Amino acid sequence: MDFKPFKMAQYSARLSARLGLPLQNLHSSNPQPWTWDELSTLTNTDLAAWLTQAPLHYEAVQGHPQLRAMLCQHLYPSLSANDVVLTAGAQEGIFLVMQALLKPGDEVITFSPGFEPLAQVAADAGAQVKILPLVADQGWHIDWPALEQALSDAPRLLVINFPHNPTGAQLSEGDLRRLVNLCEQRGCWLLADEVFRGLEHAGTARLSNAAELYDRAISMGVVSKALALPGVRLGWLAAQSQSLRDQLLVVKSHVSICQSSLDAHLCQAIVPHMATLWRRKVAIIEQNKALLNQRLQEHPKFHWQAPQAAATAFIQYRGDDLERLLQKWAADWGWLVLPNAVFLTDEAGFRLTLGAPDMGPIYQQMFTP
Ligand SMILES: Cc1ncc(COP(=O)(O)O)c(C=O)c1O
């Protein structure tokens, strides 16, 4: 296995080292993390007391059974606890799926712009990764003829991520089902990275979970993104296939073995309140989206395909000096945003967060012509 560093981590580390400054993260894909006080209020639980009840033993490799059952109850009503494998974050989920499904030379299809590990971890496992550009006009939609052509080569795996990082694009339910049908016809596995599910903006429908639609689909979730708890390293994979789940557990027993029992215990207090936590974060995201929309309409060089879901926007740039501009922002203001290259696209632009409160003055300063 040949592990390559992620461009995203390299970009941030190099820029901050070159400037000798800690930079302010203005690109975060998760909404601002909750505080203990906020979480205790929203869940109506004394979380400090709750945590002292946590067992400190190894969890089962598949993960805490009641928590898996709870996830099914709230997210995958037609599945059962046995269909879910808990992971140490979604990043481990990506690793487990790629290791469990892929052999060197297998073909994998995914899209750009995109979250780099969804392509790179497959390549690390020896797969040939084909990256199809999403079409920016009219909202980063799938180029269906290109996808159908790519699927005709009988790939092993198609990887999707809607709501989408970095653009905030969302699929229609019809398009999700079209993807599932295409995979079904070709016998292709489908990894659906659904980590921003729950952060749909007003007027955007929540998609079905792929794992409930197709017996070769894997739905991936995590508490770091839509639930805004990135310090709690708990994610999950839901899949109908017993043989795949068995293989996921073999790989998991080579890495984390099991997730933290503290994290699993905490999540049992949080998961029943998912919908409330999502709604609170969407309210902040929508405020930021309205502010940003106003700024961008007045600016000659920046524009966007307005995001429909998730907590980031991809701001497109019409000039030819983006790199210089981002470096100047970092040097002058300490701002860190991530350029298009780390999302594997040549479409000039950068990812900007919608998930933090008090972004108004920053947007104002950033986008004043
Ligand atoms: C689309 C997507 N999937 C998976 C992950 C991994 O999540 P985590 O870092 O919480 O494991 C991220 C993190 O940014 C992401 O944006």
# chains A, B, ... in the order shown; residues from 1 in each chain; ligands from 1

$ closest_atom_pairs --of "chain A" --to "ligand 1" --cutoff "10 Å" --atoms "only C-alpha atoms and all ligand atoms" --output "Markdown table"
| residue | atom | partner | partner_atom_place_in_ligand_line | distance |
| --- | --- | --- | --- | --- |
| A:Ser28 | CA | ligand 1 | 14 (O) | 8.0 |
| A:Ser29 | CA | ligand 1 | 14 (O) | 5.9 |
| A:Asn30 | CA | ligand 1 | 14 (O) | 7.3 |
| A:Thr87 | CA | ligand 1 | 11 (O) | 8.8 |
| A:Ala88 | CA | ligand 1 | 11 (O) | 7.1 |
| A:Gly89 | CA | ligand 1 | 11 (O) | 3.6 |
| A:Ala90 | CA | ligand 1 | 11 (O) | 3.6 |
| A:Gln91 | CA | ligand 1 | 11 (O) | 3.8 |
| A:Glu92 | CA | ligand 1 | 11 (O) | 6.4 |
| A:Gly93 | CA | ligand 1 | 11 (O) | 7.6 |
| A:Ile94 | CA | ligand 1 | 4 (C) | 7.3 |
| A:Gly114 | CA | ligand 1 | 1 (C) | 7.6 |
| A:Phe115 | CA | ligand 1 | 1 (C) | 5.3 |
| A:Glu116 | CA | ligand 1 | 1 (C) | 8.6 |
| A:Pro117 | CA | ligand 1 | 4 (C) | 7.7 |
| A:Leu118 | CA | ligand 1 | 3 (N) | 7.3 |
| A:Ile160 | CA | ligand 1 | 1 (C) | 9.1 |
| A:Asn161 | CA | ligand 1 | 1 (C) | 6.1 |
| A:Phe162 | CA | ligand 1 | 1 (C) | 8.2 |
| A:Pro163 | CA | ligand 1 | 1 (C) | 8.4 |
| A:His164 | CA | ligand 1 | 1 (C) | 6.8 |
| A:Asn165 | CA | ligand 1 | 1 (C) | 5.3 |
| A:Pro166 | CA | ligand 1 | 16 (O) | 7.7 |
| A:Ala192 | CA | ligand 1 | 3 (N) | 9.6 |
| A:Asp193 | CA | ligand 1 | 3 (N) | 5.9 |
| A:Glu194 | CA | ligand 1 | 1 (C) | 7.4 |
| A:Val195 | CA | ligand 1 | 3 (N) | 5.9 |
| A:Phe196 | CA | ligand 1 | 1 (C) | 7.4 |
| A:Met220 | CA | ligand 1 | 3 (N) | 8.1 |
| A:Gly221 | CA | ligand 1 | 4 (C) | 8.0 |
| A:Val222 | CA | ligand 1 | 10 (O) | 6.1 |
| A:Val223 | CA | ligand 1 | 10 (O) | 7.0 |
| A:Ser224 | CA | ligand 1 | 10 (O) | 4.7 |
| A:Lys225 | CA | ligand 1 | 10 (O) | 6.5 |
| A:Ala228 | CA | ligand 1 | 10 (O) | 9.3 |
| A:Leu229 | CA | ligand 1 | 10 (O) | 8.3 |
| A:Pro230 | CA | ligand 1 | 10 (O) | 5.6 |
| A:Gly231 | CA | ligand 1 | 10 (O) | 8.1 |
| A:Val232 | CA | ligand 1 | 10 (O) | 8.2 |
| A:Arg233 | CA | ligand 1 | 10 (O) | 6.6 |
| A:Leu234 | CA | ligand 1 | 10 (O) | 7.6 |
| A:Gly235 | CA | ligand 1 | 11 (O) | 7.0 |
| A:Trp236 | CA | ligand 1 | 11 (O) | 9.9 |
| A:Ala310 | CA | ligand 1 | 16 (O) | 9.7 |
| A:Ala311 | CA | ligand 1 | 16 (O) | 10.0 |
| A:Thr312 | CA | ligand 1 | 16 (O) | 9.8 |

$ residues_around --residues "A:Leu23" --least-positions-apart "4" --cutoff "6 Å" --atoms "only C-alpha atoms" --output "list in words"
Gly334, Trp335 and Leu336 of chain A

$ write_last_selection --atoms "C-alpha atoms" --output "PDB file, in the first residue's frame"
ATOM      1  CA  GLY A 334      -4.792  35.296   8.727  1.00  0.00           C
ATOM      2  CA  TRP A 335      -7.623  33.713   6.710  1.00  0.00           C
ATOM      3  CA  LEU A 336      -7.399  30.106   5.569  1.00  0.00           C
TER       4      LEU A 336
END

$ atom_distance --atom1 "atom CA of A:Asp246" --atom2 "atom CA of A:Tyr214"
17.9 Å

$ closest_residue --among "A:Val282, A:Leu213, A:Leu42, A:Leu96" --to "A:Leu199" --atoms "only C-alpha atoms"
A:Val282

$ select_by_dssp --residues "stretch 54-252 of chain A" --states "strand (DSSP E)" --output "PyMOL selection string"
chain A and resi 84-87+107-112+128-133+157-160+189-193+217-222+235-239

$ closest_atom_pairs --of "stretch 232-330 of chain A" --to "stretch 74-78 of chain A" --cutoff "9 Å" --atoms "only C-alpha atoms" --output "JSON lines"
{"residue": "A:Ala238", "atom": "CA", "partner": "A:Tyr76", "partner_atom": "CA", "distance": 8.2}
{"residue": "A:Val271", "atom": "CA", "partner": "A:His74", "partner_atom": "CA", "distance": 7.8}
{"residue": "A:Pro272", "atom": "CA", "partner": "A:His74", "partner_atom": "CA", "distance": 7.3}
{"residue": "A:Met274", "atom": "CA", "partner": "A:His74", "partner_atom": "CA", "distance": 8.2}

$ residues_around --residues "A:Gln66" --least-positions-apart "5" --cutoff "10 Å" --atoms "only C-alpha atoms" --output "list in words"
Leu71, Cys72, Ala81, Ala264, His265 and Gln268 of chain A

$ select_by_dssp --residues "stretch 175-307 of chain A" --states "helix (DSSP H, G or I)" --output "ChimeraX atom specification"
/A:175-186,210-213,242-252,261-297

$ residues_around --residues "A:Lys301" --least-positions-apart "5" --cutoff "8 Å" --atoms "only C-alpha atoms" --output "list in words"
Tyr317, Arg318 and Gly319 of chain A

$ residues_around --residues "A:Arg245" --least-positions-apart "5" --cutoff "10 Å" --atoms "only C-alpha atoms" --output "list of chain:residue names"
A:Gln62, A:Asn82, A:Asp83, A:Val84, A:Val85, A:Leu96, A:Val97, A:Ala100, A:Ile218, A:Leu237, A:Ala238, A:Ala239, A:Gln240, A:Val250, A:Val251

$ closest_residue --among "A:Leu21, A:Leu322, A:Leu151, A:Val108" --to "A:Lys130" --atoms "only C-alpha atoms"
A:Val108

$ residues_around --residues "A:Arg280" --least-positions-apart "3" --cutoff "12 Å" --atoms "only C-alpha atoms" --output "PyMOL selection string"
chain A and resi 31-34+38-39+42+198-201+226-228+273-277+283-287+355-357

$ closest_residue --among "A:Phe6, A:Asp137, A:Ala269, A:Phe367" --to "A:Leu67" --atoms "only C-alpha atoms"
A:Ala269

$ residues_around --residues "A:Trp304" --least-positions-apart "6" --cutoff "10 Å" --atoms "only C-alpha atoms" --output "MDAnalysis selection string"
chainID A and resid 136:137 139 167 292:293 296:297 313:317 349

$ write_last_selection --atoms "C-alpha atoms" --output "compact mmCIF listing (two decimals), in the first residue's frame"
# COMPACT_ATOMS: atom_id res chain seq x y z
CA ALA A 136 -20.97 23.71 -12.58
CA ASP A 137 -23.68 25.31 -14.73
CA GLY A 139 -25.72 23.53 -9.86
CA THR A 167 -20.24 22.78 -3.31
CA LEU A 292 -23.13 35.75 1.12
CA ASN A 293 -25.64 35.78 -1.71
CA LEU A 296 -21.63 37.89 -4.36
CA GLN A 297 -24.34 39.56 -6.42
CA ALA A 313 -20.04 26.93 -0.50
CA PHE A 314 -17.62 26.69 -3.39
CA ILE A 315 -16.91 30.27 -4.48
CA GLN A 316 -15.94 30.48 -8.14
CA TYR A 317 -13.42 33.08 -9.27
CA GLY A 349 -12.42 28.80 -6.70

$ closest_residue --among "A:Ala119, A:Ala9, A:Glu59, A:Asp37" --to "A:Asp263" --atoms "only C-alpha atoms"
A:Glu59

$ atom_distance --atom1 "atom CA of A:Gln327" --atom2 "atom CA of A:Phe3"
27.9 Å

$ closest_residue --among "A:Phe111, A:Trp144, A:Phe350, A:Trp333" --to "A:His303" --atoms "only C-alpha atoms"
A:Phe350

$ atom_distance --atom1 "atom CA of A:Gln305" --atom2 "atom CA of A:Ala169"
8.3 Å

$ closest_residue --among "A:Leu248, A:Ala54, A:Leu191, A:Leu134" --to "A:Val159" --atoms "only C-alpha atoms"
A:Leu191
